[in-house]
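Novice: coords_25.cif is reproduced in full below (mmCIF, C-alpha atoms).
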data_final
#
loop_
_atom_site.group_PDB
_atom_site.id
_atom_site.type_symbol
_atom_site.label_atom_id
_atom_site.label_comp_id
_atom_site.auth_asym_id
_atom_site.auth_seq_id
_atom_site.Cartn_x
_atom_site.Cartn_y
_atom_site.Cartn_z
ATOM 1 C CA MET M 82 -14.291 58.788 51.196
ATOM 2 C CA VAL M 83 -14.183 57.050 47.814
ATOM 3 C CA PHE M 84 -14.457 53.263 47.535
ATOM 4 C CA LEU M 85 -12.015 52.222 44.807
ATOM 5 C CA THR M 86 -11.379 48.533 45.503
ATOM 6 C CA LEU M 87 -14.853 47.238 44.554
ATOM 7 C CA PRO M 88 -14.795 48.346 40.877
ATOM 8 C CA CYS M 89 -11.322 46.845 40.526
ATOM 9 C CA TRP M 90 -12.743 43.422 41.329
ATOM 10 C CA ILE M 91 -15.055 43.457 38.292
ATOM 11 C CA ARG M 92 -13.214 41.903 35.343
ATOM 12 C CA SER M 93 -14.577 41.579 31.837
ATOM 13 C CA ARG M 94 -13.427 38.490 29.957
ATOM 14 C CA GLY M 95 -12.644 38.153 26.261
ATOM 15 C CA PRO M 96 -15.417 39.047 23.838
ATOM 16 C CA ASP M 97 -14.868 36.265 21.290
ATOM 17 C CA ARG M 98 -15.563 33.069 23.179
ATOM 18 C CA TYR M 99 -18.761 32.278 21.257
ATOM 19 C CA TRP M 100 -17.051 32.418 17.868
ATOM 20 C CA LYS M 101 -14.024 30.441 18.978
ATOM 21 C CA VAL M 102 -16.312 27.727 20.328
ATOM 22 C CA GLN M 103 -18.384 27.691 17.151
ATOM 23 C CA GLU M 104 -15.241 27.346 15.035
ATOM 24 C CA LEU M 105 -14.468 24.115 16.801
ATOM 25 C CA LEU M 106 -18.034 22.831 16.987
ATOM 26 C CA LYS M 107 -18.531 23.221 13.252
ATOM 27 C CA HIS M 108 -16.067 20.359 12.782
ATOM 28 C CA ALA M 109 -18.072 18.211 15.185
ATOM 29 C CA ARG M 110 -21.572 18.744 13.798
ATOM 30 C CA HIS M 111 -21.800 15.343 12.152
ATOM 31 C CA PHE M 112 -20.752 13.401 15.290
ATOM 32 C CA ARG M 113 -23.002 11.237 17.399
ATOM 33 C CA GLY M 114 -24.202 12.027 20.879
ATOM 34 C CA ARG M 115 -23.179 14.914 23.100
ATOM 35 C CA LYS M 116 -19.873 15.263 21.293
ATOM 36 C CA ASN M 117 -21.591 17.374 18.663
ATOM 37 C CA ARG M 118 -22.984 19.863 21.189
ATOM 38 C CA CYS M 119 -20.800 20.115 24.284
ATOM 39 C CA TYR M 120 -17.490 21.915 23.922
ATOM 40 C CA SER M 121 -15.299 19.906 26.278
ATOM 41 C CA LEU M 122 -16.373 16.598 24.767
ATOM 42 C CA ALA M 123 -16.121 18.018 21.257
ATOM 43 C CA VAL M 124 -12.537 19.208 21.762
ATOM 44 C CA ARG M 125 -11.334 15.675 22.390
ATOM 45 C CA ALA M 126 -13.457 14.157 19.634
ATOM 46 C CA VAL M 127 -12.372 16.694 17.026
ATOM 47 C CA ARG M 128 -8.706 16.209 17.875
ATOM 48 C CA ARG M 129 -9.082 12.434 17.477
ATOM 49 C CA ALA M 130 -10.916 12.936 14.204
ATOM 50 C CA PHE M 131 -8.083 15.066 12.829
ATOM 51 C CA VAL M 132 -5.475 12.557 13.982
ATOM 52 C CA TYR M 133 -7.364 9.735 12.291
ATOM 53 C CA ALA M 134 -7.658 11.827 9.123
ATOM 54 C CA THR M 135 -3.894 12.398 9.101
ATOM 55 C CA LYS M 136 -3.098 8.734 9.610
ATOM 56 C CA ALA M 137 -5.667 7.628 7.050
ATOM 57 C CA ARG M 138 -3.954 9.385 4.173
ATOM 58 C CA LYS M 139 -1.302 6.661 4.099
ATOM 59 C CA LEU M 140 -3.812 3.905 4.800
ATOM 60 C CA LYS M 141 -6.022 5.022 1.932
ATOM 61 C CA LYS M 142 -3.260 4.394 -0.567
ATOM 62 C CA ARG M 143 -2.665 0.939 0.888
ATOM 63 C CA ASN M 144 -6.352 0.042 0.969
ATOM 64 C CA MET M 145 -6.988 1.197 -2.575
ATOM 65 C CA ARG M 146 -4.069 -0.882 -3.818
ATOM 66 C CA THR M 147 -5.326 -4.038 -2.069
ATOM 67 C CA LEU M 148 -8.798 -3.390 -3.494
ATOM 68 C CA TRP M 149 -7.416 -3.137 -7.012
ATOM 69 C CA ILE M 150 -5.338 -6.260 -6.536
ATOM 70 C CA SER M 151 -8.282 -8.309 -5.278
ATOM 71 C CA ARG M 152 -10.423 -7.117 -8.185
ATOM 72 C CA ILE M 153 -7.744 -8.020 -10.746
ATOM 73 C CA ALA M 154 -7.267 -11.413 -9.067
ATOM 74 C CA ALA M 155 -10.987 -12.167 -9.264
ATOM 75 C CA ALA M 156 -11.119 -11.136 -12.916
ATOM 76 C CA THR M 157 -8.113 -13.248 -13.906
ATOM 77 C CA ARG M 158 -9.471 -16.280 -12.099
ATOM 78 C CA GLU M 159 -12.538 -16.012 -14.307
ATOM 79 C CA HIS M 160 -10.218 -16.524 -17.260
ATOM 80 C CA GLY M 161 -8.332 -19.413 -15.700
ATOM 81 C CA MET M 162 -5.176 -17.631 -14.568
ATOM 82 C CA LYS M 163 -3.902 -16.282 -11.290
ATOM 83 C CA TYR M 164 -2.973 -12.739 -10.288
ATOM 84 C CA PRO M 165 0.820 -13.227 -9.826
ATOM 85 C CA ALA M 166 1.063 -14.952 -13.220
ATOM 86 C CA LEU M 167 -0.816 -12.120 -14.901
ATOM 87 C CA MET M 168 1.259 -9.311 -13.391
ATOM 88 C CA ASP M 169 4.594 -11.091 -13.929
ATOM 89 C CA ASN M 170 3.895 -11.812 -17.557
ATOM 90 C CA LEU M 171 2.499 -8.344 -18.252
ATOM 91 C CA THR M 172 5.663 -6.723 -16.917
ATOM 92 C CA LYS M 173 7.784 -9.154 -18.919
ATOM 93 C CA SER M 174 5.895 -8.193 -22.073
ATOM 94 C CA SER M 175 6.598 -4.526 -21.143
ATOM 95 C CA VAL M 176 2.925 -3.667 -20.657
ATOM 96 C CA GLN M 177 3.299 -0.845 -18.141
ATOM 97 C CA LEU M 178 -0.256 -0.575 -16.881
ATOM 98 C CA ASN M 179 -0.728 0.024 -13.184
ATOM 99 C CA ARG M 180 -3.169 -1.847 -11.015
ATOM 100 C CA ARG M 181 -5.718 0.948 -10.965
ATOM 101 C CA VAL M 182 -6.006 1.006 -14.759
ATOM 102 C CA ILE M 183 -6.129 -2.784 -15.069
ATOM 103 C CA SER M 184 -8.889 -3.045 -12.453
ATOM 104 C CA ASP M 185 -10.898 -0.334 -14.254
ATOM 105 C CA LEU M 186 -10.454 -2.216 -17.523
ATOM 106 C CA ALA M 187 -11.620 -5.423 -15.870
ATOM 107 C CA ILE M 188 -14.810 -3.674 -14.766
ATOM 108 C CA THR M 189 -15.732 -1.468 -17.707
ATOM 109 C CA GLU M 190 -13.897 -3.153 -20.618
ATOM 110 C CA PRO M 191 -14.130 -6.931 -20.104
ATOM 111 C CA ARG M 192 -13.009 -7.851 -23.605
ATOM 112 C CA SER M 193 -9.837 -5.757 -23.408
ATOM 113 C CA PHE M 194 -9.084 -7.425 -20.109
ATOM 114 C CA LEU M 195 -9.580 -10.813 -21.761
ATOM 115 C CA SER M 196 -7.043 -9.855 -24.418
ATOM 116 C CA LEU M 197 -4.590 -8.809 -21.687
ATOM 117 C CA ALA M 198 -5.078 -12.176 -19.991
ATOM 118 C CA LYS M 199 -4.457 -14.002 -23.275
ATOM 119 C CA LEU M 200 -1.297 -11.973 -23.855
ATOM 120 C CA ALA M 201 -0.049 -12.871 -20.399
ATOM 121 C CA ARG M 202 -0.833 -16.553 -20.944
ATOM 122 C CA ALA M 203 1.005 -16.599 -24.271
ATOM 123 C CA ARG M 204 4.047 -15.007 -22.678
ATOM 124 C CA GLN M 205 3.838 -17.539 -19.879
ATOM 125 C CA GLN M 206 3.820 -20.439 -22.346
ATOM 126 C CA GLU M 207 6.808 -18.948 -24.126
ATOM 127 C CA GLY M 208 8.611 -18.699 -20.821
ATOM 128 C CA PHE M 209 7.895 -22.359 -20.043
ATOM 129 C CA ARG M 210 9.063 -23.431 -23.479
ATOM 130 C CA ALA M 211 12.289 -21.448 -23.161
ATOM 131 C CA VAL M 212 13.077 -23.041 -19.812
ATOM 132 C CA LEU M 213 11.843 -26.602 -20.177
ATOM 133 C CA GLY M 214 12.300 -27.288 -23.859
ATOM 134 C CA ASP M 215 15.629 -27.713 -25.671
ATOM 135 C CA GLY M 216 16.913 -24.972 -27.941
ATOM 136 C CA SER M 217 15.336 -26.515 -31.079
ATOM 137 C CA GLU M 218 12.108 -24.448 -30.953
ATOM 138 C CA PRO M 219 12.250 -20.825 -32.083
ATOM 139 C CA PRO M 220 12.086 -18.222 -29.280
ATOM 140 C CA GLY M 221 8.670 -16.719 -28.740
ATOM 141 C CA VAL M 222 7.249 -13.563 -30.253
ATOM 142 C CA PHE M 223 6.205 -11.870 -27.023
ATOM 143 C CA SER M 224 9.518 -12.430 -25.285
ATOM 144 C CA ARG M 225 11.381 -10.284 -27.785
ATOM 145 C CA VAL M 226 12.849 -7.287 -26.017
ATOM 146 C CA VAL M 227 12.763 -4.127 -28.116
ATOM 147 C CA MET M 228 15.664 -1.732 -27.511
ATOM 148 C CA LEU M 229 14.616 1.835 -28.321
ATOM 149 C CA GLN M 230 17.564 4.158 -28.793
ATOM 150 C CA MET B 47 -10.056 18.105 7.641
ATOM 151 C CA PRO B 48 -11.986 14.835 7.734
ATOM 152 C CA VAL B 49 -13.587 13.632 4.529
ATOM 153 C CA ARG B 50 -17.116 13.511 5.912
ATOM 154 C CA GLY B 51 -16.807 16.815 7.728
ATOM 155 C CA THR B 52 -16.018 18.897 4.674
ATOM 156 C CA PRO B 53 -18.185 19.169 1.557
ATOM 157 C CA SER B 54 -17.001 17.622 -1.702
ATOM 158 C CA ARG B 55 -18.177 17.474 -5.281
ATOM 159 C CA PHE B 56 -17.438 15.649 -8.494
ATOM 160 C CA LEU B 57 -15.555 17.192 -11.375
ATOM 161 C CA LYS B 58 -17.908 18.832 -13.814
ATOM 162 C CA SER B 59 -18.083 21.702 -16.229
ATOM 163 C CA VAL B 60 -21.001 24.118 -16.249
ATOM 164 C CA LEU B 61 -23.327 22.949 -19.055
ATOM 165 C CA HIS B 62 -20.460 21.297 -21.020
ATOM 166 C CA ASN B 63 -18.753 24.686 -21.461
ATOM 167 C CA GLY B 64 -15.978 24.383 -24.008
ATOM 168 C CA VAL B 65 -17.352 21.429 -25.969
ATOM 169 C CA GLY B 66 -19.071 23.837 -28.330
ATOM 170 C CA ARG B 67 -18.320 27.469 -27.738
ATOM 171 C CA TYR B 68 -16.636 28.760 -24.586
ATOM 172 C CA VAL B 69 -18.594 31.213 -22.469
ATOM 173 C CA CYS B 70 -16.692 33.098 -19.791
ATOM 174 C CA GLN B 71 -18.380 32.221 -16.524
ATOM 175 C CA LEU B 72 -17.523 35.489 -14.834
ATOM 176 C CA LYS B 73 -20.541 37.758 -14.822
ATOM 177 C CA ARG B 74 -19.490 40.801 -12.838
ATOM 178 C CA ILE B 75 -16.372 42.149 -11.188
ATOM 179 C CA SER B 76 -16.681 44.934 -8.597
ATOM 180 C CA ILE B 77 -13.466 46.545 -7.411
ATOM 181 C CA ILE B 78 -14.039 48.254 -4.071
ATOM 182 C CA PHE B 79 -11.171 50.441 -2.955
ATOM 183 C CA SER B 80 -10.489 53.698 -1.206
ATOM 184 C CA LYS B 81 -9.141 56.825 -2.849
ATOM 185 C CA ASN B 82 -6.696 57.825 -0.154
ATOM 186 C CA ALA B 83 -5.732 54.823 1.941
ATOM 187 C CA GLN B 84 -2.320 53.251 1.620
ATOM 188 C CA SER B 85 -3.605 49.687 1.329
ATOM 189 C CA SER B 86 -5.305 50.482 -1.995
ATOM 190 C CA LEU B 87 -2.165 51.843 -3.614
ATOM 191 C CA GLY B 88 -1.761 48.848 -5.889
ATOM 192 C CA VAL B 89 -5.446 48.908 -6.757
ATOM 193 C CA ARG B 90 -5.245 52.540 -7.777
ATOM 194 C CA ASP B 91 -2.245 51.817 -10.007
ATOM 195 C CA PHE B 92 -4.088 48.906 -11.544
ATOM 196 C CA ILE B 93 -7.140 51.079 -12.206
ATOM 197 C CA GLU B 94 -4.977 53.729 -13.821
ATOM 198 C CA GLU B 95 -3.343 51.364 -16.268
ATOM 199 C CA GLY B 96 -4.775 47.818 -16.413
ATOM 200 C CA VAL B 97 -8.519 47.907 -15.843
ATOM 201 C CA VAL B 98 -9.530 49.242 -19.267
ATOM 202 C CA ASP B 99 -7.431 46.653 -21.101
ATOM 203 C CA TYR B 100 -8.918 43.929 -18.923
ATOM 204 C CA ALA B 101 -12.448 45.114 -19.627
ATOM 205 C CA LYS B 102 -11.766 45.262 -23.367
ATOM 206 C CA LYS B 103 -10.278 41.770 -23.379
ATOM 207 C CA ASN B 104 -13.283 40.280 -21.544
ATOM 208 C CA PRO B 105 -16.338 41.743 -23.253
ATOM 209 C CA GLY B 106 -18.668 39.360 -21.477
ATOM 210 C CA THR B 107 -17.746 40.579 -18.003
ATOM 211 C CA VAL B 108 -19.044 43.801 -16.489
ATOM 212 C CA VAL B 109 -16.443 45.720 -14.485
ATOM 213 C CA TYR B 110 -17.620 48.048 -11.732
ATOM 214 C CA VAL B 111 -15.125 50.361 -10.059
ATOM 215 C CA SER B 112 -16.445 51.853 -6.844
ATOM 216 C CA PRO B 113 -14.265 54.099 -4.681
ATOM 217 C CA GLN B 114 -15.602 54.083 -1.145
ATOM 218 C CA SER B 115 -14.024 54.899 2.168
ATOM 219 C CA CYS B 116 -13.104 51.383 3.270
ATOM 220 C CA ARG B 117 -10.208 49.986 5.245
ATOM 221 C CA ILE B 118 -9.611 46.932 3.095
ATOM 222 C CA PRO B 119 -9.924 46.957 -0.693
ATOM 223 C CA ARG B 120 -11.734 43.989 -2.192
ATOM 224 C CA ILE B 121 -12.619 42.380 -5.499
ATOM 225 C CA VAL B 122 -16.080 40.834 -5.606
ATOM 226 C CA ALA B 123 -16.514 38.375 -8.477
ATOM 227 C CA GLU B 124 -19.981 37.074 -9.363
ATOM 228 C CA TYR B 125 -20.412 34.071 -11.611
ATOM 229 C CA LEU B 126 -23.170 32.922 -13.928
ATOM 230 C CA ASN B 127 -24.309 30.174 -11.577
ATOM 231 C CA GLY B 128 -24.800 32.655 -8.746
ATOM 232 C CA ASN B 129 -21.681 32.042 -6.677
ATOM 233 C CA VAL B 130 -19.970 35.114 -5.280
ATOM 234 C CA ARG B 131 -16.268 35.173 -4.500
ATOM 235 C CA GLU B 132 -14.632 37.929 -2.523
ATOM 236 C CA GLU B 133 -10.888 38.449 -2.602
ATOM 237 C CA ILE B 134 -9.020 40.870 -0.385
ATOM 238 C CA ILE B 135 -6.308 42.817 -2.168
ATOM 239 C CA THR B 136 -4.651 44.905 0.560
ATOM 240 C CA SER B 137 -1.066 45.824 -0.266
ATOM 241 C CA LYS B 138 -0.955 43.987 -3.557
ATOM 242 C CA THR B 139 0.882 45.407 -6.528
ATOM 243 C CA ALA B 140 -0.827 46.047 -9.855
ATOM 244 C CA PRO B 141 0.656 43.001 -11.658
ATOM 245 C CA GLN B 142 -0.406 40.784 -8.755
ATOM 246 C CA ILE B 143 -3.929 42.136 -9.041
ATOM 247 C CA SER B 144 -4.062 41.511 -12.785
ATOM 248 C CA GLU B 145 -2.831 37.960 -12.154
ATOM 249 C CA LEU B 146 -5.584 37.493 -9.610
ATOM 250 C CA LEU B 147 -8.142 38.822 -12.052
ATOM 251 C CA SER B 148 -7.016 36.447 -14.781
ATOM 252 C CA LYS B 149 -7.298 33.560 -12.276
ATOM 253 C CA LEU B 150 -10.872 34.610 -11.440
ATOM 254 C CA THR B 151 -11.705 34.906 -15.145
ATOM 255 C CA ASN B 152 -10.542 31.393 -15.872
ATOM 256 C CA GLN B 153 -12.484 29.864 -12.984
ATOM 257 C CA SER B 154 -15.976 28.569 -13.459
ATOM 258 C CA GLY B 155 -18.270 29.507 -10.626
ATOM 259 C CA LEU B 156 -18.314 26.044 -9.040
ATOM 260 C CA ASP B 157 -17.370 25.761 -5.361
ATOM 261 C CA VAL B 158 -13.720 25.466 -4.463
ATOM 262 C CA ILE B 159 -14.036 22.300 -2.396
ATOM 263 C CA ARG B 160 -12.512 18.871 -2.563
ATOM 264 C CA ILE B 161 -12.975 17.219 -5.957
ATOM 265 C CA ARG B 162 -13.512 13.511 -5.466
ATOM 266 C CA LYS B 163 -12.015 12.318 -8.744
ATOM 267 C CA PRO B 164 -9.834 14.292 -11.148
ATOM 268 C CA PHE B 165 -11.739 12.808 -14.113
ATOM 269 C CA HIS B 166 -15.331 12.407 -15.267
ATOM 270 C CA THR B 167 -16.972 10.490 -18.103
ATOM 271 C CA ASP B 168 -20.554 10.266 -19.184
ATOM 272 C CA SER B 169 -19.872 6.909 -20.811
ATOM 273 C CA PRO B 170 -17.486 4.991 -18.557
ATOM 274 C CA SER B 171 -17.936 1.646 -20.318
ATOM 275 C CA ILE B 172 -17.601 1.075 -24.082
ATOM 276 C CA GLN B 173 -17.591 -2.700 -24.263
ATOM 277 C CA GLY B 174 -20.374 -3.080 -21.737
ATOM 278 C CA GLN B 175 -19.883 -3.110 -18.005
ATOM 279 C CA TRP B 176 -19.014 -6.397 -16.389
ATOM 280 C CA HIS B 177 -21.864 -8.393 -14.882
ATOM 281 C CA PRO B 178 -21.688 -11.955 -13.532
ATOM 282 C CA PHE B 179 -22.794 -13.482 -16.832
ATOM 283 C CA THR B 180 -20.249 -11.683 -19.069
ATOM 284 C CA ASN B 181 -17.653 -14.417 -19.095
ATOM 285 C CA ARG B 182 -19.960 -17.363 -18.583
ATOM 286 C CA PRO B 183 -20.844 -19.499 -21.603
ATOM 287 C CA PRO B 184 -24.584 -19.943 -21.968
ATOM 288 C CA SER B 185 -25.824 -23.168 -20.349
ATOM 289 C CA ILE B 186 -28.635 -23.824 -22.846
ATOM 290 C CA GLY B 187 -28.324 -23.559 -26.607
ATOM 291 C CA PRO B 188 -29.894 -20.837 -28.757
ATOM 292 C CA ILE B 189 -33.671 -20.596 -28.517
ATOM 293 C CA ARG B 190 -35.210 -22.209 -31.634
ATOM 294 C CA PRO B 191 -38.854 -22.703 -32.569
ATOM 295 C CA HIS B 192 -40.150 -25.999 -31.215
ATOM 296 C CA LYS B 193 -39.796 -28.666 -33.952
ATOM 297 C CA GLN B 194 -43.040 -30.605 -34.483
ATOM 298 C CA ALA B 195 -42.299 -34.112 -35.807
ATOM 299 C CA ALA B 196 -44.560 -34.200 -38.927
ATOM 300 C CA PRO B 197 -46.339 -37.564 -39.381
#
Let me see whether you can do it: turn the structure in this file into structure tokens.

Specialist:
Amino acid sequence: MVFLTLPCWIRSRGPDRYWKVQELLKHARHFRGRKNRCYSLAVRAVRRAFVYATKARKLKKRNMRTLWISRIAAATREHGMKYPALMDNLTKSSVQLNRRVISDLAITEPRSFLSLAKLARARQQEGFRAVLGDGSEPPGVFSRVVMLQ
Amino acid sequence: MPVRGTPSRFLKSVLHNGVGRYVCQLKRISIIFSKNAQSSLGVRDFIEEGVVDYAKKNPGTVVYVSPQSCRIPRIVAEYLNGNVREEIITSKTAPQISELLSKLTNQSGLDVIRIRKPFHTDSPSIQGQWHPFTNRPPSIGPIRPHKQAAP
């Protein structure tokens, strides 16, 4: 008589569970609480973290732009102008600097930023004169549009 | 991968390489392959034709060619700052391997992780960085020696 059914009941599971678990836990090591140690809690936390990271790529661009805009606004108010006036007049004078560059200039190059603000104010005055005054005054220097062939 | 979960570094060059002379940062290249396996076919072709030219063109890099019985052929590149990079070259053709080698030659040994900013300056501000008193006129006049009214 040979007993064959008992050995068939012994199953050996997969050999790699430790490494698969570690692969997930390595993304959770900097979390707080049991989420950084226990697998079932870490699975949910790591998935949320990845989802937040995906969504944040768009938000980062938005947040950086608002940061630059608030910095430029603060810097122009120091010189007695406002942010919309500055940006409008810079684009009208065909100064094609983006907000990141202008905010960096305002921080590290304050005198260049002052000259940009003065340029914008001059263009603004020319705009006012063109609209409010009669045609007797000559048109302004900064409102000349240069056509490059 | 989340920003805080993965390591990151700032852009830098090893000891301002390139400002004066350029030193190739690749110290040693070891090509490990097998003499008879099919996966190292491209490697063997490369060693027949391209390795000597590569070694002559890069005199500062030591090239080791070691045939062993291995399943997967590799290239182990060691850099001057101690970093070791291993590339697996199974079933690659000889021109692909030479392209890979030129890529490794041009790399500095710094880690291939996220670079926070694509620029770096040692002197970010030329006109003086802004501080709250930059655009404020001084509230008291210039400091002069105290005038004594002579009798």

Novice: Select all residues from chain B having any atom no more than 10 Å from an atom of chain M (counting only C-alpha atoms, ignoring ligands), output as a tab-separated table (two decimals) with C-alpha atoms, in the coordinates of the input.

Specialist:
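File produced: iface.tsv:
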chain	number	residue	atom	x	y	z
B	47	MET	CA	-10.06	18.10	7.64
B	48	PRO	CA	-11.99	14.84	7.73
B	49	VAL	CA	-13.59	13.63	4.53
B	50	ARG	CA	-17.12	13.51	5.91
B	51	GLY	CA	-16.81	16.82	7.73
B	52	THR	CA	-16.02	18.90	4.67
B	169	SER	CA	-19.87	6.91	-20.81
B	170	PRO	CA	-17.49	4.99	-18.56
B	171	SER	CA	-17.94	1.65	-20.32
B	172	ILE	CA	-17.60	1.08	-24.08
B	173	GLN	CA	-17.59	-2.70	-24.26
B	174	GLY	CA	-20.37	-3.08	-21.74
B	175	GLN	CA	-19.88	-3.11	-18.00
B	176	TRP	CA	-19.01	-6.40	-16.39
B	177	HIS	CA	-21.86	-8.39	-14.88
B	180	THR	CA	-20.25	-11.68	-19.07
B	181	ASN	CA	-17.65	-14.42	-19.10
B	182	ARG	CA	-19.96	-17.36	-18.58

Novice: Just give me the gap between CA of Phe223 (chain M) and CA of Asn170 (chain M) in Å, one decimal is fine.

Specialist: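 Value for the CA of Phe223 (chain M)-CA of Asn170 (chain M) distance: 9.7 Å.
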
Novice: Got a sec: who's within 9 Å of Leu167 (chain M), counting only C-alpha atoms, leaving out chain neighbours fewer than 5 positions off, as a list in words?

Specialist: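 In the requested format, the answer is Ala154, Thr157, Met162, Thr172, Leu197, Ala198, Leu200, Ala201, Arg202 and Gln205 of chain M.
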
Novice: Can I get the selection written as an mmCIF file, in the frame of the given file, with C-alpha atoms?

Specialist:
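After the write, part-v1.cif holds the following:
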data_model
loop_
_atom_site.group_PDB
_atom_site.id
_atom_site.type_symbol
_atom_site.label_atom_id
_atom_site.label_comp_id
_atom_site.auth_asym_id
_atom_site.auth_seq_id
_atom_site.Cartn_x
_atom_site.Cartn_y
_atom_site.Cartn_z
ATOM 1 C CA ALA M 154 -7.267 -11.413 -9.067
ATOM 2 C CA THR M 157 -8.113 -13.248 -13.906
ATOM 3 C CA MET M 162 -5.176 -17.631 -14.568
ATOM 4 C CA THR M 172 5.663 -6.723 -16.917
ATOM 5 C CA LEU M 197 -4.590 -8.809 -21.687
ATOM 6 C CA ALA M 198 -5.078 -12.176 -19.991
ATOM 7 C CA LEU M 200 -1.297 -11.973 -23.855
ATOM 8 C CA ALA M 201 -0.049 -12.871 -20.399
ATOM 9 C CA ARG M 202 -0.833 -16.553 -20.944
ATOM 10 C CA GLN M 205 3.838 -17.539 -19.879
#

Novice: Translate the PyMOL selection byres ((chain M and resi 208) around 10) into a concrete residue list for this structure, as a list in words.

Specialist: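 Evaluating the PyMOL selection byres ((chain M and resi 208) around 10) on this file yields Asn170, Lys173, Arg202, Ala203, Arg204, Gln205, Gln206, Glu207, Phe209, Arg210, Ala211, Val212, Leu213, Gly214, Pro220, Gly221, Phe223 and Ser224 of chain M.
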
Novice: Using all atoms listed in the file, which residues sit within 8 Å of Arg117 (chain B) once same-chain residues fewer than 4 positions away are excluded, as number ranges by chain?

Specialist: B: 80, 83, 85

Novice: Can you write out the residues you just picked, keeping C-alpha atoms, as a JSON list (two decimals), in the coordinates of the input?

Specialist:
[["chain", "number", "residue", "atom", "x", "y", "z"],
["B", 80, "SER", "CA", -10.49, 53.70, -1.21],
["B", 83, "ALA", "CA", -5.73, 54.82, 1.94],
["B", 85, "SER", "CA", -3.60, 49.69, 1.33]]

Novice: Could you tell me how far CA of Val108 (chain B) sits from CA of Lys73 (chain B), in Å to one decimal place?

Specialist: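 It comes out at 6.4 Å.
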
Novice: Ranking B:Gly66, B:Pro53, B:Pro178, B:Pro119 by minimum distance to Val158 (chain B) and counting only C-alpha atoms, which one comes first?

Specialist: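 Closest to Val158 (chain B) of all the choices is B:Pro53.
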
Novice: List the spatial neighbours of region 76-78 of chain B as a ChimeraX atom specification - criterion: any atom at most 7 Å away, all atoms listed in the file, same-chain residues fewer than 5 positions off excluded.

Specialist: /B:109-114,119-123

Novice: Report, in Å with one decimal, the straight-line distance from CA of Asn127 (chain B) to CA of Gly64 (chain B).

Specialist: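 So the two atoms, CA of Asn127 (chain B) and CA of Gly64 (chain B), lie 16.0 Å apart.
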
Novice: From the options B:Ser86, B:Lys103, B:Ser154, B:Cys116, which residue's atoms come nearest to Tyr68 (chain B), counting only C-alpha atoms?

Specialist: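 Checking each candidate against Tyr68 (chain B), we get B:Ser154 as the closest.
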
Novice: Around region 136-153 of chain B, fit a box with edges along x, y and z, padding it by 5 Å on each side, then list its centre and edge lengths in Å to one decimal as JSON.

Specialist:
{"center_x": -5.8, "center_y": 38.0, "center_z": -7.7, "size_x": 23.4, "size_y": 26.2, "size_z": 26.4}

Novice: Which residue is closest to Tyr164 (chain M)? Choose from M:Pro219, M:Ser151, M:Lys116, M:Lys199 and count all atoms listed in the file.

Specialist: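 Closest to Tyr164 (chain M) of all the choices is M:Ser151.
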
Novice: May I ask which of the residues B:Gln84, B:Asn63, B:Gln142, B:Asn104 is the closest one to Gly155 (chain B), counting only C-alpha atoms?

Specialist: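 Distance minimum relative to Gly155 (chain B) lands on B:Asn63.
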
Novice: Could you check which of B:Arg90, B:Lys81, B:Arg74, B:Arg131 is closest to Thr107 (chain B), using only C-alpha atoms?

Specialist: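 Smallest separation from Thr107 (chain B) among the options: B:Arg74.
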
Novice: Could you tell me, as a list in words, which residues have any atom at most 12 Å from (-5.2, 51.4, -12.7), counting only C-alpha atoms?

Specialist: Ile77, Phe79, Lys81, Ser86, Leu87, Gly88, Val89, Arg90, Asp91, Phe92, Ile93, Glu94, Glu95, Gly96, Val97, Val98, Asp99, Tyr100, Ala101, Val111, Thr139, Ala140, Pro141, Ile143 and Ser144 of chain B
